[in-house]
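For reference, the structure is listed below as structure tokens.
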Amino acid sequence: MRLAIMSFAHLHAEAYIHNLRAMPDVEMIGIADDDLERGRHFADQFDAHFFPSYEALLAEKPDGVLVCSENARHRPLVEMAADAGAHVLSEKPLATTLEDAQAMLDACDRAGVHLMTAFPMRFNVPALEIKRLVEAGTLGQIYGCNAANQGQMPSHHRAWFVDKALAGGGAVMDHTVHLADLLRWYLQCEATEVFAETNAILYGDSGVEVETGGLLMLTFENGTFATIDTSWNKPRYYSTWGGLKLDLVGEKGLATMDAFKQGMTVWRHATERPAWMFWGSDSNQAMIDEFAAAIRENRTPAVTGFDGYKALEIVLAAYRSAAAGQPVALPLE
Amino acid sequence: MLRVGLIGAGFMGTFHAAGWSRTPAGLAGINSFYPDRGEALARRYGARLYESLDALLDAVDVLDVCTPTYLHHEMVLKAAAAGKHVICEKPLARTISQAEEMILACREAGVKLLVGHVVRFFPQYAQAKAIVSGGEIGRVGVIRLTRASSHPERPYDNWFLDPARSGGMMLDLMLHDFDYARWIAGEVESVFAKKVSSHYPGVPGDYGLAILRHTDGALSHIEGGWVYPPPMFRTSLEIAGEHGLIELPAEGSQPLGLYLHRTEGDDPVIKGVPLSPLAEDPYTTELRHFYDVLVHDVTPRITAEDALAALRIAFAAIRSAETGRRVALEEVH
């Protein structure tokens with residue numbers, strides 16, 4: 001199977017390229033990037049073939065591509081790939097507008113290719129254990145969920161993460177979708193309402209134009225309510241990028257998950273601060289394995305473009321709620 | 001010597017009686033609805049048992065009210081009418097109008113009204129407050145506070161579970177963190193909250209989540225519950241500021257562990273072992289402070305107006321959970 005990466009705008013591409021190369025039946029045929037300098041830089045760094053354009057890459061007829069452009073630039077690359085008959089794994093959030101997300105779903109439908117949204121938490125092993133518990137009814141009815149996907153402001157990785165036009169927003173756009181998707185998956189129903197409050201106090205002196213703090217309250221069809229803390233509340237010198245946690249409160253008890261707790265603290269004279277080194281299982285690898293398996297087995301991937309659409313809808317409802325000061329009903333008009 | 005009269009010989013009265021014994025004040029008298037409990041406590045601390053509140057008031061300088069919430073109003077008014085200072089357990093009152101009347105009565109009588117928001121006297125909470133007040137983490141952006149336990153159990157008359165008398169979990173328990181959030185980040189502008197209650201059909205516990213917007217823009221996430229399997233109790237604290245972060249996770253500051261082999265007939269759950277012991281329990285710290293306020297005229301760490309403001313936040317949260325709308329504090333009377 002021949003796979004390729006379109007754009008290194010998102011830092012996850014730097015991890016995905018290792019994942020692709022670790023797969024015995026996959027040939028990573030190369031990368032392309034509309035930012036030629038960035039593309040050449042990473043092609044050199046990872047000793048990968050560099051295509052001078054996306055057209056040149058797609059002319060090689062890859063079976064599938066990983067789209068890692070800026071949030072607002074997923075659509076044109078996904079449409080190009082679909083037209084070329086390549087299956088697509090798109091970085092999250094799927095898009096920054098529902099119009100773009102729908103166009104991506106339509107393009108892949110028309111072309112008969114899979115569109116998978118990069119939600120690695122679906123493949124995180126602790127998160128899978130919670131899925132198993134919920135499905136087995138271990139907690140009984142789930143009343144509420146307290147969830148947090150917090151982190152450092154990611155602008156030190158890529159400046160566009162805090163550029164509203166390219167990222168579509170700040171902390172809420174960046175950190176809502178993983179948990180929104182997990183909750184839809186766990187509860188097997190849709191959110192009916194979203195409330196959100198945002199602010200821009202954290203990293204306030206960095207002059208960013210987007211929100212850096214965000215608290216959401218989701219209500220689902222089955223009555224479960226859930227908060228998601230999306231805040232970029234970890235300082236730049238924090239021991240790790242952030243984390244993802246979730247507590248589920250049900251009629252039979254409490255389940256807690258700290259998805260990246262499997263790590264150790266390492267102190268080095270060179271940096272003079274603690275670093276959290278994760279040793280748990282690699283969810284990105286499992287996610288890309290699933291993308292390849294869906295292509296190989298000619299079946300729908302475990303996570304779809306529609307899942308990406310529904311998670312984005314929750315994000316956009318959160319922004320509307322934050323502006324209106326009251327909850328917003330789903331689905332959005 | 002400051003003569004203290006204690007009314008209420010339940011859980012909190014017992015803590016307070018022990019606390020007073022470690023202050024320069026004298027526990028002069030006790031009145032209890034349950035004379036046997038009152039007598040046991042009086043005997044233990046060398047106090048006299050009084051058969052009526054009026055008789056107790058005649059014999060003391062300050063009344064310490066440790067009775068169920070709905071009784072605070074009439075007892076505090078009686079103390080004020082008798083010209084006695086008052087220490088009142090939280091919540092200050094069952095309703096806002098009661099609290100306002102109590103504050104006014106104490107002011108007019110020229111007596112002090114000190115409210116037992118003991119969380120302000122827990123060393124970890126007081127330390128975090130000092131760090132924030134010292135400007136060490138800059139302007140506060142996002143606060144997260146959790147406080148949850150199992151369903152309150154009492155051997156007789158479980159008034160906690162009667163909302164008419166206790167006000168329910170949000171007023172009784174989440175109030176602690178509503179007060180603390182306001183102490184850290186200032187006045188609260190609006191609240192959005194969701195809850196389940198053990199008064200709903202088929203629901204065994206009480207659980208709530210609230211999102212607070214503070215007037216100066218900070219956000220607070222408050223989780224509360226009487227919902228865990230006994231004897232579980234968890235609190236956690238996280239304060240993110242523009243220039244720093246304070247984290248105190250629920251799992252993390254127990255210096256002790258005790259794991260015993262189970263022997264025949266033993267309850268496998270070890271009860272009453274403090275795994276995070278302190279040289280001075282926070283109730284004693286609180287009462288020593290109140291002693292200094294009454295005798296040495298030091299500025300109280302919490303005013304009756306603070307306690308009233310915390311009540312307003314709790315009632316805004318309750319109203320939000322009942323109406324599904326964000327509730328502005330100014331709507332709550």
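Chain labels A, B, ... are given in the sequence in which chains occur in the structure tokens; within each chain residues are numbered consecutively from 1, and ligands are likewise numbered from 1 in the order shown.
Near chain A, counting only C-alpha atoms at 7 Å, the chain B residues are Gly141, Val142, Lys194, Val196, Val203, Pro204, Gly217, Tyr228, Pro229, Ala240, Gly241, Glu242, Gly244, Leu245, Arg325 and Arg326 of chain B.
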Since we have the selection now, will you write its residues out, keeping C-alpha atoms, as a compact mmCIF listing (two decimals), in the first residue's frame?
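Saved file again_39.txt follows:
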# COMPACT_ATOMS: atom_id res chain seq x y z
CA GLY B 141 -7.79 32.96 33.94
CA VAL B 142 -9.38 29.57 34.63
CA LYS B 194 -26.49 21.22 35.32
CA VAL B 196 -28.96 15.39 38.79
CA VAL B 203 -31.38 8.48 40.72
CA PRO B 204 -29.27 7.38 43.70
CA GLY B 217 -13.34 37.83 32.98
CA TYR B 228 -19.36 8.43 45.08
CA PRO B 229 -19.30 4.95 46.59
CA ALA B 240 -4.30 28.95 35.98
CA GLY B 241 -3.06 32.50 35.69
CA GLU B 242 -1.44 34.60 33.03
CA GLY B 244 1.66 30.59 36.25
CA LEU B 245 -0.34 27.58 37.31
CA ARG B 325 -30.44 29.13 31.12
CA ARG B 326 -27.36 31.07 32.15
request  = Report as an MDAnalysis selection string: the residues of stretch 21-261 of chain A with a DSSP assignment of strand (DSSP E), based on the backbone of this structure.
outcome  = chainID A and resid 27:32 50:51 64:67 87:90 115:117 142:151 191:199 213:220 225:229 242:250 253:258
message = Calculated over only C-alpha atoms, which of the candidates A:Gly64, A:Pro331, A:Gly169, A:Pro120 has the smallest distance to A:Met28?
response =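 Residue with the minimum atom-to-atom distance to A:Met28: A:Gly64.
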task = Pull the alpha helix (DSSP H) assignments for stretch 14-59 of chain B out of DSSP run on the backbone, and list those residues as a list of chain:residue names.
result =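 So, restricting stretch 14-59 of chain B to alpha helix (DSSP H), we get B:Thr14, B:Phe15, B:His16, B:Ala17, B:Ala18, B:Gly19, B:Trp20, B:Pro35, B:Asp36, B:Arg37, B:Gly38, B:Glu39, B:Ala40, B:Leu41, B:Ala42, B:Arg43, B:Arg44, B:Tyr45, B:Leu53, B:Asp54, B:Ala55, B:Leu56, B:Leu57, B:Asp58.
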message = Measuring between only C-alpha atoms, which one of A:Phe46, A:Trp267, A:Phe278, A:Tyr186 shows the shortest distance to A:Leu128?
response = A:Tyr186
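Here the question is which of A:Asp100, A:Ala302, A:Ala136, A:Asp25 gets nearest to A:Leu77 using only C-alpha atoms, and that residue is A:Asp100.
Using only C-alpha atoms, the contacts of stretch 105-107 of chain A at a cut-off of 8 Å, with sequence neighbours closer than 3 positions omitted, comprise Val78, Glu79, Ala82, Asp83, Ala101, Gln102, Arg110, Ala111, Leu115, Gly305 and Phe306 of chain A.
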